[in-house]
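Colleague: Dropping the structure in here first, questions after.
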Amino acid sequence: AAGKDAAGKIRMDVTADGRASGIAPKDAALGKAMGDSLTLALRGQADTGGTLAVERLTVGTPTANARFAGTLGADTVRGKLGLSAENLRAFAEIAKARLAGAANLEIDLDGSPREKRINAALDGHIAKFATGIAPVDGLFGGKVALGGKVGTEAGSFRFDKLTLTGQNLSTEINGEMRQETAALDVTGTLHELKRVDSRLTGHGTLQAKVTGGL
């Protein structure tokens with residue numbers, strides 16, 4: 001409820017609801033990706049220190065939805081961000097591929113914009129995934145999963161067990177990239193090469209180290 005917190009900051013309830021309709025970008029592909037309407041709903045509390053405690057924030061179009069619950073401020077960002085699209089076919093023209101599938105991504109965020117530090121734990125899935133590109137579809141076999149952690153701080157990017165997997169593909173990235181230096185370990189496995197090219201047999205593995213700078 002509105003009032004003062006233990007630090008003496010004044011808290012105010014924040015409620016917002018919005019809707020836009022008749023959206024029609026000049027780019028037809030972008031129009032199909034966005035849809036013709038947008039809705040927004042926000043429930044939370046703001047304090048005089050510039051922090052917003054979000055109980056619920058949702059932004060939706062006919063093709064995709066975003067949701068967030070947590071804390072937003074210059075000093076702290078912490079919470080859960082979710083992104084979903086029930087039918088990737090809406091994005092086919094803008095991606096220039098015959099996309100299909102239902103996608104969902106959950107992100108646990110923790111960091112400080114003022115310190116230019118953000119950490120994200122990823123958990124994403126695409127069901128019934130397809131691109132219309134035979135080798136790509138052979139790699140993933142209709143399933144895509146994304147997991148692991150990524151972070152950025154003071155111009156560096158960190159990867160901790162960042163994985164991308166499909167029915168026939170497993171990849172993992174660990175390490176750090178800075179402006180001056182990079183130290184990344186990349187591993188991958190193709191479980192059945194014939195899924196990529198029917199003329200091939202067996203399986204493939206990848207082990208790589210990336211060094212240098214950006």
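Scheme for the structure tokens: letters A, B, ... for chains in order shown; per-chain residue numbers from 1; ligand numbers from 1 in order shown.
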Which neighbours of A:Asn174 fall inside 10 Å, counting only C-alpha atoms, when residues of the same chain fewer than 5 positions from it are skipped, and could you give them as a PyMOL selection string?
Modeller: chain A and resi 148-150+158-163+183-187+209
Colleague: List the neighbours of A:Asp197 out to 9 Å using only C-alpha atoms; skip same-chain residues closer than 6 positions along the sequence, and give me the result as number ranges by chain.
Modeller: A: 134-135, 138
Colleague: Using only C-alpha atoms, determine which residues lie at most 9 Å from A:Lys32, disregarding the query and same-chain residues fewer than 2 positions distant; provide the list as a PyMOL selection string.
Modeller: chain A and resi 27-30+34-36+63+90-94
Colleague: DSSP on the backbone: which residues in stretch 32-153 of chain A end up as strand (DSSP E or B)? Give the answer as a ChimeraX atom specification.
Modeller: /A:37-47,52-60,65-72,77-85,100-112,117-130,143-153
Colleague: Going by DSSP on the backbone, which bits of stretch 5-214 of chain A are alpha helix (DSSP H)? Write them as a VMD selection string, please.
Modeller: chain A and resid 28 to 34 92 to 95 134 to 140
Colleague: Report as CSV the residues of stretch 9-89 of chain A within 9 Å of stretch 115-123 of chain A, each with its shortest atom pair and distance in Å (one decimal), using only C-alpha atoms, ordered by chain and increasing residue number.
Modeller:
```
residue,atom,partner,partner_atom,distance
A:Ala74,CA,A:Glu115,CA,8.8
A:Asp75,CA,A:Glu115,CA,7.5
A:Val77,CA,A:Ile118,CA,7.9
```
Colleague: May I have the residues from that selection written out with N, CA and C atoms, as a compact mmCIF listing (two decimals), in the first residue's frame?
Modeller:
```txt
# COMPACT_ATOMS: atom_id res chain seq x y z
N ALA A 74 17.50 2.68 -11.17
CA ALA A 74 18.85 2.97 -11.65
C ALA A 74 19.90 2.15 -10.92
N ASP A 75 19.63 1.82 -9.66
CA ASP A 75 20.60 1.07 -8.86
C ASP A 75 20.37 -0.43 -8.92
N VAL A 77 18.12 -3.77 -10.81
CA VAL A 77 17.15 -4.47 -11.65
C VAL A 77 17.16 -5.92 -11.18
```
Colleague: Please provide the set of residues having any atom within 10 Å of A:Lys194, restricted to only C-alpha atoms, with same-chain residues fewer than 5 positions apart removed, written as a JSON list (two decimals) with all heavy atoms, in the first residue's frame.
Modeller:
```json
[["chain", "number", "residue", "atom", "x", "y", "z"],
["A", 135, "PRO", "N", 18.89, -28.48, -43.71],
["A", 135, "PRO", "CA", 19.96, -28.78, -42.75],
["A", 135, "PRO", "C", 19.68, -28.24, -41.34],
["A", 135, "PRO", "O", 19.99, -28.90, -40.34],
["A", 135, "PRO", "CB", 21.19, -28.12, -43.37],
["A", 135, "PRO", "CG", 20.89, -28.01, -44.82],
["A", 135, "PRO", "CD", 19.41, -27.76, -44.88],
["A", 138, "GLY", "N", 17.06, -30.32, -39.78],
["A", 138, "GLY", "CA", 17.65, -31.61, -39.40],
["A", 138, "GLY", "C", 18.43, -31.53, -38.11],
["A", 138, "GLY", "O", 18.44, -32.48, -37.31],
["A", 139, "LEU", "N", 19.09, -30.40, -37.87],
["A", 139, "LEU", "CA", 19.84, -30.22, -36.62],
["A", 139, "LEU", "C", 18.92, -30.22, -35.40],
["A", 139, "LEU", "O", 19.19, -30.87, -34.40],
["A", 139, "LEU", "CB", 20.62, -28.90, -36.66],
["A", 139, "LEU", "CG", 21.92, -28.85, -37.44],
["A", 139, "LEU", "CD1", 22.47, -27.43, -37.43],
["A", 139, "LEU", "CD2", 22.94, -29.80, -36.84],
["A", 168, "ASN", "N", 19.24, -33.07, -32.46],
["A", 168, "ASN", "CA", 20.46, -33.62, -33.04],
["A", 168, "ASN", "C", 21.67, -32.73, -32.79],
["A", 168, "ASN", "O", 22.73, -32.93, -33.38],
["A", 168, "ASN", "CB", 20.26, -33.79, -34.56],
["A", 168, "ASN", "CG", 21.36, -34.61, -35.20],
["A", 168, "ASN", "OD1", 21.79, -35.62, -34.66],
["A", 168, "ASN", "ND2", 21.84, -34.15, -36.34],
["A", 199, "ARG", "N", 23.87, -37.81, -47.23],
["A", 199, "ARG", "CA", 25.06, -38.47, -47.78],
["A", 199, "ARG", "C", 26.11, -38.74, -46.71],
["A", 199, "ARG", "O", 27.11, -39.41, -46.96],
["A", 199, "ARG", "CB", 25.68, -37.60, -48.88],
["A", 199, "ARG", "CG", 24.78, -37.40, -50.09],
["A", 199, "ARG", "CD", 25.30, -36.31, -51.00],
["A", 199, "ARG", "NE", 25.28, -35.01, -50.34],
["A", 199, "ARG", "CZ", 25.65, -33.87, -50.92],
["A", 199, "ARG", "NH1", 26.10, -33.87, -52.16],
["A", 199, "ARG", "NH2", 25.59, -32.73, -50.26],
["A", 200, "LEU", "N", 25.87, -38.21, -45.49],
["A", 200, "LEU", "CA", 26.85, -38.35, -44.41],
["A", 200, "LEU", "C", 26.39, -39.40, -43.40],
["A", 200, "LEU", "O", 25.20, -39.64, -43.23],
["A", 200, "LEU", "CB", 27.04, -37.01, -43.70],
["A", 200, "LEU", "CG", 27.52, -35.84, -44.56],
["A", 200, "LEU", "CD1", 27.58, -34.57, -43.73],
["A", 200, "LEU", "CD2", 28.89, -36.13, -45.17],
["A", 201, "THR", "N", 27.36, -40.00, -42.72],
["A", 201, "THR", "CA", 27.06, -40.93, -41.63],
["A", 201, "THR", "C", 27.92, -40.58, -40.43],
["A", 201, "THR", "O", 28.89, -39.82, -40.53],
["A", 201, "THR", "CB", 27.34, -42.39, -42.05],
["A", 201, "THR", "OG1", 28.73, -42.52, -42.41],
["A", 201, "THR", "CG2", 26.48, -42.81, -43.22],
["A", 202, "GLY", "N", 27.59, -41.17, -39.28],
["A", 202, "GLY", "CA", 28.38, -40.95, -38.08],
["A", 202, "GLY", "C", 27.93, -39.72, -37.31],
["A", 202, "GLY", "O", 26.81, -39.23, -37.47],
["A", 203, "HIS", "N", 28.82, -39.23, -36.47],
["A", 203, "HIS", "CA", 28.52, -38.05, -35.67],
["A", 203, "HIS", "C", 29.72, -37.10, -35.71],
["A", 203, "HIS", "O", 30.82, -37.47, -36.13],
["A", 203, "HIS", "CB", 28.20, -38.44, -34.22],
["A", 203, "HIS", "CG", 29.39, -38.95, -33.46],
["A", 203, "HIS", "ND1", 29.83, -40.26, -33.58],
["A", 203, "HIS", "CD2", 30.24, -38.34, -32.59],
["A", 203, "HIS", "CE1", 30.89, -40.43, -32.80],
["A", 203, "HIS", "NE2", 31.15, -39.28, -32.19]]
```
Colleague: Would you please work out which residue, of A:Val14, A:Leu146, A:Ala95, A:Ala103, is nearest to A:Thr51 when using only C-alpha atoms?
Modeller: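 Ranking A:Val14, A:Leu146, A:Ala95, A:Ala103 by distance to A:Thr51, first place goes to A:Val14.
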Colleague: Got a sec: who's within 10 Å of A:Glu86, counting only C-alpha atoms, leaving out chain neighbours fewer than 4 positions off, as a CSV table (one decimal) with N, CA and C atoms, in the first residue's frame?
Modeller:
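Once written, result_23.csv looks like this:
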```csv
chain,number,residue,atom,x,y,z
A,62,PRO,N,-1.0,-9.3,-30.9
A,62,PRO,CA,-1.6,-10.5,-31.4
A,62,PRO,C,-0.6,-11.7,-31.6
A,63,THR,N,0.7,-11.3,-31.7
A,63,THR,CA,1.7,-12.3,-32.1
A,63,THR,C,2.7,-12.6,-31.0
A,64,ALA,N,2.8,-11.8,-30.0
A,64,ALA,CA,3.8,-12.0,-28.9
A,64,ALA,C,3.4,-11.3,-27.6
A,65,ASN,N,4.0,-11.8,-26.5
A,65,ASN,CA,3.7,-11.2,-25.2
A,65,ASN,C,5.0,-11.1,-24.4
A,90,ALA,N,4.2,-15.9,-37.8
A,90,ALA,CA,4.0,-14.5,-37.9
A,90,ALA,C,5.2,-13.7,-38.2
A,100,ALA,N,8.2,-21.7,-38.1
A,100,ALA,CA,7.0,-22.3,-37.4
A,100,ALA,C,7.4,-22.7,-36.0
A,101,GLY,N,6.4,-22.8,-35.1
A,101,GLY,CA,6.7,-23.2,-33.8
A,101,GLY,C,6.2,-22.3,-32.7
A,102,ALA,N,6.2,-22.7,-31.5
A,102,ALA,CA,5.8,-21.9,-30.3
A,102,ALA,C,6.9,-21.7,-29.4
A,103,ALA,N,7.3,-20.4,-29.1
A,103,ALA,CA,8.5,-20.1,-28.4
A,103,ALA,C,8.1,-19.5,-27.0
A,104,ASN,N,9.0,-19.8,-26.0
A,104,ASN,CA,8.8,-19.2,-24.7
A,104,ASN,C,10.2,-19.1,-24.1
A,126,ILE,N,11.6,-23.8,-27.8
A,126,ILE,CA,10.7,-23.7,-29.0
A,126,ILE,C,10.2,-25.1,-29.3
A,127,ALA,N,8.9,-25.2,-29.4
A,127,ALA,CA,8.3,-26.5,-29.7
A,127,ALA,C,7.8,-26.5,-31.2
```
Colleague: Looking at A:Leu169, A:Ala20, A:Leu99, A:Leu81, which one is nearest to A:Thr61, with distances taken over only C-alpha atoms?
Modeller: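 Between A:Leu169, A:Ala20, A:Leu99, A:Leu81, the residue approaching A:Thr61 most closely is A:Ala20.
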